[in-house]
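See below for protein.pdb, which holds PDB, C-alpha atoms.
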ATOM      1  CA  MET A  14      97.224 113.348  70.377
ATOM      2  CA  TYR A  15      96.579 109.971  72.013
ATOM      3  CA  ASP A  16      95.024 108.882  75.267
ATOM      4  CA  PHE A  17      96.596 105.582  76.337
ATOM      5  CA  ILE A  18      94.261 103.455  78.473
ATOM      6  CA  GLY A  19      95.393 100.536  80.610
ATOM      7  CA  ASP A  20      93.955  97.102  81.333
ATOM      8  CA  ILE A  21      90.137  97.216  81.565
ATOM      9  CA  HIS A  22      89.314  93.572  82.421
ATOM     10  CA  GLY A  23      85.585  93.885  81.879
ATOM     11  CA  TYR A  24      85.048  97.063  83.921
ATOM     12  CA  ALA A  25      82.957  98.799  81.274
ATOM     13  CA  ASP A  26      81.363 101.220  83.735
ATOM     14  CA  LYS A  27      84.732 102.620  84.781
ATOM     15  CA  LEU A  28      85.804 102.790  81.161
ATOM     16  CA  GLU A  29      82.819 104.980  80.319
ATOM     17  CA  VAL A  30      83.473 107.229  83.322
ATOM     18  CA  LEU A  31      87.126 107.607  82.301
ATOM     19  CA  LEU A  32      86.269 108.377  78.681
ATOM     20  CA  LYS A  33      83.744 111.025  79.710
ATOM     21  CA  LYS A  34      86.229 112.506  82.171
ATOM     22  CA  MET A  35      88.632 112.995  79.247
ATOM     23  CA  GLY A  36      86.013 114.661  77.065
ATOM     24  CA  TYR A  37      84.807 111.733  74.953
ATOM     25  CA  SER A  38      81.102 111.425  74.181
ATOM     26  CA  LEU A  39      78.868 108.996  72.316
ATOM     27  CA  LYS A  40      78.437 109.751  68.627
ATOM     28  CA  ASN A  41      76.711 107.275  66.326
ATOM     29  CA  GLY A  42      77.184 104.490  68.861
ATOM     30  CA  ALA A  43      80.888 105.048  69.571
ATOM     31  CA  TYR A  44      82.811 107.250  71.991
ATOM     32  CA  ALA A  45      84.679 109.992  70.182
ATOM     33  CA  HIS A  46      86.700 113.118  70.916
ATOM     34  CA  PRO A  47      86.885 116.120  68.569
ATOM     35  CA  GLU A  48      90.699 116.170  68.620
ATOM     36  CA  ARG A  49      92.048 112.977  70.182
ATOM     37  CA  LYS A  50      91.942 109.197  69.890
ATOM     38  CA  VAL A  51      92.509 106.339  72.330
ATOM     39  CA  LEU A  52      95.149 103.627  72.249
ATOM     40  CA  PHE A  53      94.104 100.648  74.370
ATOM     41  CA  VAL A  54      97.053  98.524  75.562
ATOM     42  CA  GLY A  55      95.179  95.217  75.931
ATOM     43  CA  ASP A  56      93.482  92.972  78.505
ATOM     44  CA  TYR A  57      89.843  93.757  77.810
ATOM     45  CA  ILE A  58      88.446  90.466  79.128
ATOM     46  CA  ASP A  59      88.370  88.242  82.255
ATOM     47  CA  ARG A  60      87.739  89.260  85.895
ATOM     48  CA  GLY A  61      85.084  91.993  85.519
ATOM     49  CA  ALA A  62      81.305  91.714  85.269
ATOM     50  CA  LYS A  63      80.859  93.544  81.937
ATOM     51  CA  ILE A  64      83.229  91.900  79.490
ATOM     52  CA  LYS A  65      80.876  91.909  76.490
ATOM     53  CA  GLU A  66      80.062  95.569  77.130
ATOM     54  CA  THR A  67      83.781  96.394  77.331
ATOM     55  CA  LEU A  68      84.424  94.705  74.000
ATOM     56  CA  ARG A  69      81.475  96.538  72.470
ATOM     57  CA  ILE A  70      82.863  99.920  73.572
ATOM     58  CA  VAL A  71      86.414  99.171  72.473
ATOM     59  CA  ARG A  72      85.425  97.609  69.159
ATOM     60  CA  SER A  73      83.010 100.413  68.263
ATOM     61  CA  MET A  74      85.772 102.963  68.871
ATOM     62  CA  VAL A  75      88.234 100.980  66.749
ATOM     63  CA  ASP A  76      85.713 100.448  63.949
ATOM     64  CA  SER A  77      84.855 104.160  63.872
ATOM     65  CA  GLY A  78      88.504 105.222  63.756
ATOM     66  CA  ASN A  79      88.443 106.718  67.264
ATOM     67  CA  ALA A  80      90.792 104.168  68.821
ATOM     68  CA  ILE A  81      93.556 101.647  68.257
ATOM     69  CA  ALA A  82      93.500  98.419  70.286
ATOM     70  CA  ILE A  83      96.488  96.123  70.732
ATOM     71  CA  MET A  84      96.548  92.587  72.111
ATOM     72  CA  GLY A  85      97.011  91.761  75.790
ATOM     73  CA  ASN A  86      98.082  88.453  77.273
ATOM     74  CA  HIS A  87      94.466  87.699  78.264
ATOM     75  CA  GLU A  88      93.331  87.966  74.649
ATOM     76  CA  TYR A  89      96.269  85.820  73.535
ATOM     77  CA  ASN A  90      95.528  83.292  76.280
ATOM     78  CA  ALA A  91      91.882  83.163  75.167
ATOM     79  CA  ILE A  92      92.971  82.425  71.601
ATOM     80  CA  CYS A  93      95.218  79.598  72.779
ATOM     81  CA  PHE A  94      92.524  78.339  75.189
ATOM     82  CA  HIS A  95      90.195  78.129  72.176
ATOM     83  CA  PHE A  96      92.631  76.661  69.622
ATOM     84  CA  PRO A  97      92.762  72.823  69.565
ATOM     85  CA  GLU A  98      96.102  71.072  69.484
ATOM     86  CA  THR A  99      96.800  68.864  66.499
ATOM     87  CA  LYS A 100      96.700  65.747  68.705
ATOM     88  CA  ALA A 101      94.473  66.462  71.705
ATOM     89  CA  GLY A 102      93.492  69.235  74.079
ATOM     90  CA  HIS A 103      94.172  72.922  73.412
ATOM     91  CA  LEU A 104      97.191  75.159  72.979
ATOM     92  CA  ARG A 105      96.453  76.605  76.425
ATOM     93  CA  LYS A 106      95.657  73.678  78.681
ATOM     94  CA  HIS A 107      92.235  73.558  80.299
ATOM     95  CA  SER A 108      93.756  73.236  83.769
ATOM     96  CA  ILE A 109      91.912  74.438  86.855
ATOM     97  CA  GLN A 110      94.166  77.504  87.084
ATOM     98  CA  ASN A 111      93.677  78.454  83.426
ATOM     99  CA  ILE A 112      89.926  77.873  83.564
ATOM    100  CA  LEU A 113      89.600  80.055  86.658
ATOM    101  CA  GLN A 114      91.542  82.851  84.959
ATOM    102  CA  HIS A 115      89.141  82.773  82.004
ATOM    103  CA  ILE A 116      85.954  81.797  83.884
ATOM    104  CA  GLU A 117      84.249  85.219  83.905
ATOM    105  CA  THR A 118      84.539  85.503  80.143
ATOM    106  CA  LEU A 119      83.217  81.970  79.625
ATOM    107  CA  LYS A 120      80.280  82.580  81.974
ATOM    108  CA  GLN A 121      79.299  85.800  80.239
ATOM    109  CA  TYR A 122      79.303  84.050  76.863
ATOM    110  CA  GLN A 123      77.322  81.075  78.148
ATOM    111  CA  ASN A 124      74.931  79.797  75.441
ATOM    112  CA  MET A 125      76.509  82.312  73.032
ATOM    113  CA  GLN A 126      79.160  80.151  71.387
ATOM    114  CA  SER A 127      78.992  81.936  68.044
ATOM    115  CA  ASP A 128      79.470  85.315  69.758
ATOM    116  CA  TYR A 129      82.437  83.929  71.710
ATOM    117  CA  ASN A 130      83.967  82.527  68.522
ATOM    118  CA  GLU A 131      83.518  85.897  66.857
ATOM    119  CA  ALA A 132      85.275  87.629  69.775
ATOM    120  CA  ILE A 133      88.203  85.198  69.407
ATOM    121  CA  ASP A 134      88.365  86.027  65.701
ATOM    122  CA  TRP A 135      88.542  89.727  66.580
ATOM    123  CA  PHE A 136      91.345  89.111  69.086
ATOM    124  CA  LYS A 137      93.355  87.546  66.255
ATOM    125  CA  THR A 138      93.176  90.824  64.310
ATOM    126  CA  LEU A 139      94.805  92.841  67.096
ATOM    127  CA  PRO A 140      98.405  93.992  66.610
ATOM    128  CA  LEU A 141     100.937  92.917  69.225
ATOM    129  CA  PHE A 142     102.444  96.398  69.447
ATOM    130  CA  TYR A 143     102.150  99.835  67.905
ATOM    131  CA  GLU A 144     104.730 102.530  67.242
ATOM    132  CA  THR A 145     105.203 105.907  65.606
ATOM    133  CA  THR A 146     108.213 108.179  65.503
ATOM    134  CA  GLU A 147     106.979 109.716  68.785
ATOM    135  CA  PHE A 148     105.977 106.735  70.966
ATOM    136  CA  ARG A 149     105.730 102.969  71.388
ATOM    137  CA  ALA A 150     102.928 100.897  72.893
ATOM    138  CA  VAL A 151     102.928  97.249  73.940
ATOM    139  CA  HIS A 152     101.061  95.202  76.500
ATOM    140  CA  ALA A 153     103.960  94.102  78.721
ATOM    141  CA  CYS A 154     107.524  94.447  77.396
ATOM    142  CA  TRP A 155     109.267  96.324  74.614
ATOM    143  CA  ASN A 156     112.406  94.397  73.678
ATOM    144  CA  GLN A 157     113.653  95.533  70.283
ATOM    145  CA  ASN A 158     115.107  92.132  69.385
ATOM    146  CA  HIS A 159     111.734  90.505  70.083
ATOM    147  CA  ILE A 160     109.869  93.223  68.197
ATOM    148  CA  ASN A 161     112.114  92.773  65.158
ATOM    149  CA  LEU A 162     111.658  88.996  65.218
ATOM    150  CA  ILE A 163     107.882  89.287  65.466
ATOM    151  CA  LYS A 164     107.769  91.903  62.684
ATOM    152  CA  GLY A 165     109.562  89.479  60.401
ATOM    153  CA  LYS A 166     106.952  86.781  61.061
ATOM    154  CA  LEU A 167     103.650  88.656  60.955
ATOM    155  CA  ILE A 168     101.397  88.600  57.920
ATOM    156  CA  ASN A 169      99.821  92.018  57.324
ATOM    157  CA  ASP A 170     100.974  92.931  60.859
ATOM    158  CA  ARG A 171      98.820  90.159  62.396
ATOM    159  CA  LEU A 172      99.183  86.632  63.766
ATOM    160  CA  THR A 173      97.806  84.012  61.385
ATOM    161  CA  ASP A 174      96.496  80.671  62.657
ATOM    162  CA  GLU A 175      99.728  79.080  61.471
ATOM    163  CA  LEU A 176     101.799  81.588  63.440
ATOM    164  CA  ILE A 177      99.708  80.998  66.564
ATOM    165  CA  TYR A 178     100.515  77.292  66.366
ATOM    166  CA  GLU A 179     104.172  78.071  65.682
ATOM    167  CA  ALA A 180     104.333  80.405  68.704
ATOM    168  CA  ALA A 181     103.054  77.567  70.911
ATOM    169  CA  ILE A 182     106.227  75.520  70.324
ATOM    170  CA  LYS A 183     107.996  76.086  73.625
ATOM    171  CA  ASN A 184     111.563  77.364  73.923
ATOM    172  CA  THR A 185     111.764  78.555  70.319
ATOM    173  CA  GLN A 186     112.856  82.133  69.727
ATOM    174  CA  PHE A 187     109.420  83.001  68.377
ATOM    175  CA  HIS A 188     107.671  81.503  71.416
ATOM    176  CA  ILE A 189     109.933  83.465  73.774
ATOM    177  CA  ALA A 190     109.429  86.697  71.813
ATOM    178  CA  ILE A 191     105.627  86.411  71.942
ATOM    179  CA  GLU A 192     105.560  85.379  75.606
ATOM    180  CA  GLU A 193     107.809  88.197  76.817
ATOM    181  CA  THR A 194     106.164  90.842  74.639
ATOM    182  CA  LEU A 195     102.724  89.985  76.050
ATOM    183  CA  LYS A 196     103.646  88.740  79.536
ATOM    184  CA  GLY A 197     106.906  90.457  80.436
ATOM    185  CA  LYS A 198     110.276  89.142  81.531
ATOM    186  CA  GLU A 199     110.828  87.027  84.638
ATOM    187  CA  ILE A 200     113.837  85.586  86.449
ATOM    188  CA  LYS A 201     114.200  83.036  89.208
ATOM    189  CA  MET A 202     114.271  84.521  92.697
ATOM    190  CA  PRO A 203     117.529  83.991  94.621
ATOM    191  CA  ASP A 204     118.175  81.633  97.534
ATOM    192  CA  GLY A 205     115.034  79.539  97.056
ATOM    193  CA  LEU A 206     112.743  82.483  97.834
ATOM    194  CA  HIS A 207     109.096  82.561  96.739
ATOM    195  CA  PHE A 208     105.914  84.609  97.052
ATOM    196  CA  ILE A 209     102.167  84.106  96.692
ATOM    197  CA  ASP A 210     100.745  86.139  93.831
ATOM    198  CA  LYS A 211      97.379  87.917  93.610
ATOM    199  CA  GLY A 212      95.720  84.744  92.375
ATOM    200  CA  GLY A 213      97.038  82.711  95.306
ATOM    201  CA  GLU A 214      99.639  80.927  93.181
ATOM    202  CA  TYR A 215     103.029  79.916  94.620
ATOM    203  CA  ARG A 216     105.765  81.589  92.547
ATOM    204  CA  THR A 217     109.529  81.261  92.536
ATOM    205  CA  GLU A 218     110.062  83.659  89.612
ATOM    206  CA  MET A 219     109.621  87.416  89.760
ATOM    207  CA  ARG A 220     108.590  89.910  87.094
ATOM    208  CA  ILE A 221     111.447  92.270  86.385
ATOM    209  CA  LYS A 222     111.692  95.926  85.416
ATOM    210  CA  TRP A 223     112.889  95.304  81.868
ATOM    211  CA  TRP A 224     113.540  99.024  81.416
ATOM    212  CA  GLU A 225     116.259  99.024  84.109
ATOM    213  CA  ASP A 226     119.927  98.125  83.522
ATOM    214  CA  PRO A 227     120.289  94.689  85.185
ATOM    215  CA  TYR A 228     124.005  95.269  85.722
ATOM    216  CA  ARG A 229     123.334  98.328  87.882
ATOM    217  CA  THR A 230     120.520  97.216  90.177
ATOM    218  CA  ASN A 231     119.663  94.648  92.855
ATOM    219  CA  TYR A 232     116.975  92.015  93.240
ATOM    220  CA  ARG A 233     114.648  94.083  95.411
ATOM    221  CA  ALA A 234     114.796  97.141  93.159
ATOM    222  CA  PHE A 235     114.546  95.007  89.997
ATOM    223  CA  SER A 236     111.248  93.349  90.943
ATOM    224  CA  VAL A 237     108.031  94.910  89.652
ATOM    225  CA  GLU A 238     106.226  93.441  92.658
ATOM    226  CA  PRO A 239     107.219  95.175  95.936
ATOM    227  CA  LEU A 240     108.758  92.030  97.458
ATOM    228  CA  HIS A 241     110.461  93.292 100.593
ATOM    229  CA  HIS A 242     111.987  89.924 101.468
ATOM    230  CA  LEU A 243     114.178  90.071  98.366
ATOM    231  CA  PRO A 244     117.849  90.807  99.102
ATOM    232  CA  GLU A 245     119.558  93.980  97.959
ATOM    233  CA  THR A 246     122.270  91.952  96.247
ATOM    234  CA  PRO A 247     123.379  92.250  92.592
ATOM    235  CA  VAL A 248     121.225  90.484  90.029
ATOM    236  CA  ASP A 249     122.576  87.315  88.438
ATOM    237  CA  VAL A 250     122.357  88.617  84.873
ATOM    238  CA  SER A 251     123.126  85.152  83.458
ATOM    239  CA  LEU A 252     119.544  84.199  84.403
ATOM    240  CA  ILE A 253     118.054  86.811  82.026
ATOM    241  CA  ARG A 254     117.311  85.957  78.424
ATOM    242  CA  ASN A 255     118.558  88.754  76.151
ATOM    243  CA  PRO A 256     119.669  91.036  78.999
ATOM    244  CA  GLY A 257     119.273  94.695  78.182
ATOM    245  CA  PHE A 258     117.252  97.719  79.157
ATOM    246  CA  TYR A 259     115.198 100.557  77.696
ATOM    247  CA  GLY A 260     117.437 103.578  77.285
ATOM    248  CA  GLU A 261     116.524 107.061  78.436
ATOM    249  CA  ASN A 262     116.858 108.407  74.880
ATOM    250  CA  GLU A 263     114.321 105.953  73.444
ATOM    251  CA  PRO A 264     110.807 107.197  72.597
ATOM    252  CA  PRO A 265     108.230 107.083  75.411
ATOM    253  CA  VAL A 266     106.784 103.597  75.806
ATOM    254  CA  PHE A 267     103.304 102.872  77.208
ATOM    255  CA  PHE A 268     102.237  99.495  78.572
ATOM    256  CA  GLY A 269      99.927  97.762  81.056
ATOM    257  CA  HIS A 270      99.983  94.265  82.560
ATOM    258  CA  TYR A 271     101.706  94.759  85.921
ATOM    259  CA  TRP A 272      98.866  95.289  88.443
ATOM    260  CA  LEU A 273     100.529  98.268  90.094
ATOM    261  CA  LYS A 274      99.165  99.654  93.364
ATOM    262  CA  GLY A 275      98.604 103.110  94.812
ATOM    263  CA  ASN A 276      98.199 106.370  92.946
ATOM    264  CA  PRO A 277      99.372 106.223  89.319
ATOM    265  CA  THR A 278     102.831 107.640  88.740
ATOM    266  CA  LEU A 279     105.596 107.399  86.166
ATOM    267  CA  TYR A 280     108.591 105.123  86.531
ATOM    268  CA  LYS A 281     110.845 107.296  84.361
ATOM    269  CA  ASN A 282     110.579 110.202  81.939
ATOM    270  CA  ASN A 283     109.913 107.778  79.061
ATOM    271  CA  ILE A 284     108.433 104.772  80.922
ATOM    272  CA  CYS A 285     104.689 104.706  81.595
ATOM    273  CA  CYS A 286     102.793 101.726  82.995
ATOM    274  CA  ILE A 287      99.042 102.383  83.036
ATOM    275  CA  ASP A 288      97.776  99.216  84.749
ATOM    276  CA  TYR A 289      96.746 100.114  88.275
ATOM    277  CA  SER A 290      94.646  97.066  89.205
ATOM    278  CA  VAL A 291      91.121  98.139  88.305
ATOM    279  CA  ALA A 292      90.013  94.548  88.963
ATOM    280  CA  LYS A 293      91.499  94.649  92.484
ATOM    281  CA  GLU A 294      89.808  97.843  93.680
ATOM    282  CA  GLY A 295      92.464  99.977  92.026
ATOM    283  CA  TYR A 296      92.245 102.557  89.241
ATOM    284  CA  LEU A 297      91.489 102.475  85.548
ATOM    285  CA  THR A 298      94.259 104.718  84.282
ATOM    286  CA  ALA A 299      95.088 106.754  81.189
ATOM    287  CA  TYR A 300      97.947 108.949  80.036
ATOM    288  CA  ARG A 301      97.139 111.952  77.801
ATOM    289  CA  PHE A 302     100.013 112.161  75.326
ATOM    290  CA  ASP A 303     100.681 115.198  73.140
ATOM    291  CA  GLY A 304     103.997 114.260  71.575
ATOM    292  CA  GLU A 305     106.236 115.237  74.479
ATOM    293  CA  LYS A 306     109.604 113.470  74.822
ATOM    294  CA  VAL A 307     109.582 113.880  78.601
ATOM    295  CA  LEU A 308     106.432 112.452  80.177
ATOM    296  CA  ASP A 309     104.599 114.329  82.931
ATOM    297  CA  ASN A 310     102.832 112.853  85.966
ATOM    298  CA  ALA A 311     100.203 115.594  85.692
ATOM    299  CA  LYS A 312      98.951 113.982  82.467
ATOM    300  CA  LEU A 313      97.906 110.751  84.171
ATOM    301  CA  VAL A 314      94.121 110.521  84.554
ATOM    302  CA  TYR A 315      92.346 107.802  86.536
ATOM    303  CA  VAL A 316      89.018 106.748  88.055
TER     304      VAL A 316
END
Structure translated into structure tokens:
Amino acid sequence: MYDFIGDIHGYADKLEVLLKKMGYSLKNGAYAHPERKVLFVGDYIDRGAKIKETLRIVRSMVDSGNAIAIMGNHEYNAICFHFPETKAGHLRKHSIQNILQHIETLKQYQNMQSDYNEAIDWFKTLPLFYETTEFRAVHACWNQNHINLIKGKLINDRLTDELIYEAAIKNTQFHIAIEETLKGKEIKMPDGLHFIDKGGEYRTEMRIKWWEDPYRTNYRAFSVEPLHHLPETPVDVSLIRNPGFYGENEPPVFFGHYWLKGNPTLYKNNICCIDYSVAKEGYLTAYRFDGEKVLDNAKLVYV
């Protein structure tokens, strides 16, 4: 019996409220439940005011066996932001945009370099996905070809330093697999269209619903973002790397990443996104899973 919890982004107070709402209580310094455990789907850092506290809660639950934590794109970005290139700079460039995305974490670790380094080391231990015979969990996108490729590369189910450098080589299959697993799939918007994202960035590519059949949908319905200026014309599937979709007979899959709005709800009977924009005055969301093959909206819990 697992409680899947979405992107926290340093909102430790809401995390504690959510855990208590689901019947967890502090025992020996870690939140625990007599019958259940948590699976966190990533993005513990950046944006919120209590990043160190969030990591303390999550790590104490993992260390005590009361939770599993997988890697989000913000943890992966932090690793790459920290890792030097072999020539100069870092694997994730220290551009204004990238610094601003990571600024809250850097500020909260000011004058605590050793603590920050230790947090980066912990991020490197996080698995990129988790699965059992009953469910799958990933931060952004479950593509079986990508999962199989990554499985074949990992050492003891983890990214080594060497693999992190290898994954930074753009346009390789490994780079694409890591990027889409942690950041989702995108395609170019049609007819020169664009939008301004939540961070104020000009974008010409849209995040797509990778669980939908691209041959049977249109641009507006295929976009995760509710972009009403998109046409209701068939998707140019040639623009999609490894086109495919998540079948209705596959195990339930739980993920975060997508900054959804409104009251939490399921996309499909086996598709559950639990990121409802806690850092943008939304909800910190969980799904209480008991092995069912058909998911139930009534099992979504949020604060």
Check your understanding: Using the chain letters and numbers from the file, which residues does the PyMOL selection byres ((chain A and resi 271) around 8) grab, as a PyMOL selection string?
Key -> chain A and resi 153+237+269-270+272-273+286+288-289
Save out the residues we just selected, C-alpha atoms, as a PDB file, in the frame of the given file.
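See part_33.pdb below for the written result:
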ATOM      1  CA  ALA A 153     103.960  94.102  78.721  1.00  0.00           C
ATOM      2  CA  VAL A 237     108.031  94.910  89.652  1.00  0.00           C
ATOM      3  CA  GLY A 269      99.927  97.762  81.056  1.00  0.00           C
ATOM      4  CA  HIS A 270      99.983  94.265  82.560  1.00  0.00           C
ATOM      5  CA  TRP A 272      98.866  95.289  88.443  1.00  0.00           C
ATOM      6  CA  LEU A 273     100.529  98.268  90.094  1.00  0.00           C
ATOM      7  CA  CYS A 286     102.793 101.726  82.995  1.00  0.00           C
ATOM      8  CA  ASP A 288      97.776  99.216  84.749  1.00  0.00           C
ATOM      9  CA  TYR A 289      96.746 100.114  88.275  1.00  0.00           C
TER      10      TYR A 289
END
Point to revise | d(CA of His188 (chain A), CA of Asn111 (chain A)) in Å | key: 18.7 Å
Practice item. Run the PyMOL selection byres ((chain A and resi 258) around 7) mentally over the shown coordinates, then write out the matched residues as a VMD selection string, using the chain letters and numbers from the document. Key: chain A and resid 223 to 226 257 259 to 260
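Residues matched by the PyMOL selection byres ((chain A and resi 98) around 12) in this file: Ile92, Cys93, Phe94, His95, Phe96, Pro97, Thr99, Lys100, Ala101, Gly102, His103, Leu104, Arg105, Lys106, His107, Asp174, Glu175, Ile177, Tyr178, Glu179, Ala181 and Ile182 of chain A.
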Would you export the selected residues with C-alpha atoms as an mmCIF file, in the coordinates of the input, please?
data_model
loop_
_atom_site.group_PDB
_atom_site.id
_atom_site.type_symbol
_atom_site.label_atom_id
_atom_site.label_comp_id
_atom_site.auth_asym_id
_atom_site.auth_seq_id
_atom_site.Cartn_x
_atom_site.Cartn_y
_atom_site.Cartn_z
ATOM 1 C CA ILE A 92 92.971 82.425 71.601
ATOM 2 C CA CYS A 93 95.218 79.598 72.779
ATOM 3 C CA PHE A 94 92.524 78.339 75.189
ATOM 4 C CA HIS A 95 90.195 78.129 72.176
ATOM 5 C CA PHE A 96 92.631 76.661 69.622
ATOM 6 C CA PRO A 97 92.762 72.823 69.565
ATOM 7 C CA THR A 99 96.800 68.864 66.499
ATOM 8 C CA LYS A 100 96.700 65.747 68.705
ATOM 9 C CA ALA A 101 94.473 66.462 71.705
ATOM 10 C CA GLY A 102 93.492 69.235 74.079
ATOM 11 C CA HIS A 103 94.172 72.922 73.412
ATOM 12 C CA LEU A 104 97.191 75.159 72.979
ATOM 13 C CA ARG A 105 96.453 76.605 76.425
ATOM 14 C CA LYS A 106 95.657 73.678 78.681
ATOM 15 C CA HIS A 107 92.235 73.558 80.299
ATOM 16 C CA ASP A 174 96.496 80.671 62.657
ATOM 17 C CA GLU A 175 99.728 79.080 61.471
ATOM 18 C CA ILE A 177 99.708 80.998 66.564
ATOM 19 C CA TYR A 178 100.515 77.292 66.366
ATOM 20 C CA GLU A 179 104.172 78.071 65.682
ATOM 21 C CA ALA A 181 103.054 77.567 70.911
ATOM 22 C CA ILE A 182 106.227 75.520 70.324
#
Proximity check region 109-212 of chain A to region 227-234 of chain A, 10 Å, nearest pairs one decimal Å, only C-alpha atoms, as CSV:
residue,atom,partner,partner_atom,distance
A:Ile200,CA,A:Tyr232,CA,9.9
A:Met202,CA,A:Tyr232,CA,8.0
A:Pro203,CA,A:Tyr232,CA,8.2
Could you complete region 107-123 of chain A so that it carries N, CA and C atoms, and give it back as a tab-separated table (two decimals), in the coordinates of the input?
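Wrote it out as out-v3.tsv, contents follow:
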chain	number	residue	atom	x	y	z
A	107	HIS	N	93.44	73.28	79.52
A	107	HIS	CA	92.24	73.56	80.30
A	107	HIS	C	92.42	73.06	81.73
A	108	SER	N	93.48	73.55	82.36
A	108	SER	CA	93.76	73.24	83.77
A	108	SER	C	92.83	74.06	84.66
A	109	ILE	N	92.75	73.69	85.92
A	109	ILE	CA	91.91	74.44	86.86
A	109	ILE	C	92.35	75.90	86.90
A	110	GLN	N	93.66	76.13	87.01
A	110	GLN	CA	94.17	77.50	87.08
A	110	GLN	C	93.79	78.31	85.84
A	111	ASN	N	93.97	77.73	84.66
A	111	ASN	CA	93.68	78.45	83.43
A	111	ASN	C	92.18	78.68	83.24
A	112	ILE	N	91.38	77.70	83.64
A	112	ILE	CA	89.93	77.87	83.56
A	112	ILE	C	89.48	79.00	84.49
A	113	LEU	N	89.99	79.02	85.70
A	113	LEU	CA	89.60	80.06	86.66
A	113	LEU	C	90.00	81.45	86.16
A	114	GLN	N	91.13	81.55	85.48
A	114	GLN	CA	91.54	82.85	84.96
A	114	GLN	C	90.58	83.35	83.89
A	115	HIS	N	89.98	82.43	83.14
A	115	HIS	CA	89.14	82.77	82.00
A	115	HIS	C	87.64	82.61	82.31
A	116	ILE	N	87.32	82.24	83.56
A	116	ILE	CA	85.95	81.80	83.88
A	116	ILE	C	84.92	82.90	83.68
A	117	GLU	N	85.24	84.15	84.04
A	117	GLU	CA	84.25	85.22	83.90
A	117	GLU	C	83.87	85.44	82.44
A	118	THR	N	84.84	85.36	81.57
A	118	THR	CA	84.54	85.50	80.14
A	118	THR	C	83.67	84.36	79.66
A	119	LEU	N	84.00	83.13	80.04
A	119	LEU	CA	83.22	81.97	79.62
A	119	LEU	C	81.79	82.05	80.15
A	120	LYS	N	81.63	82.48	81.38
A	120	LYS	CA	80.28	82.58	81.97
A	120	LYS	C	79.43	83.61	81.24
A	121	GLN	N	80.07	84.73	80.88
A	121	GLN	CA	79.30	85.80	80.24
A	121	GLN	C	78.97	85.51	78.78
A	122	TYR	N	79.63	84.50	78.22
A	122	TYR	CA	79.30	84.05	76.86
A	122	TYR	C	78.57	82.70	76.88
A	123	GLN	N	78.06	82.34	78.05
A	123	GLN	CA	77.32	81.08	78.15
A	123	GLN	C	76.14	81.07	77.18
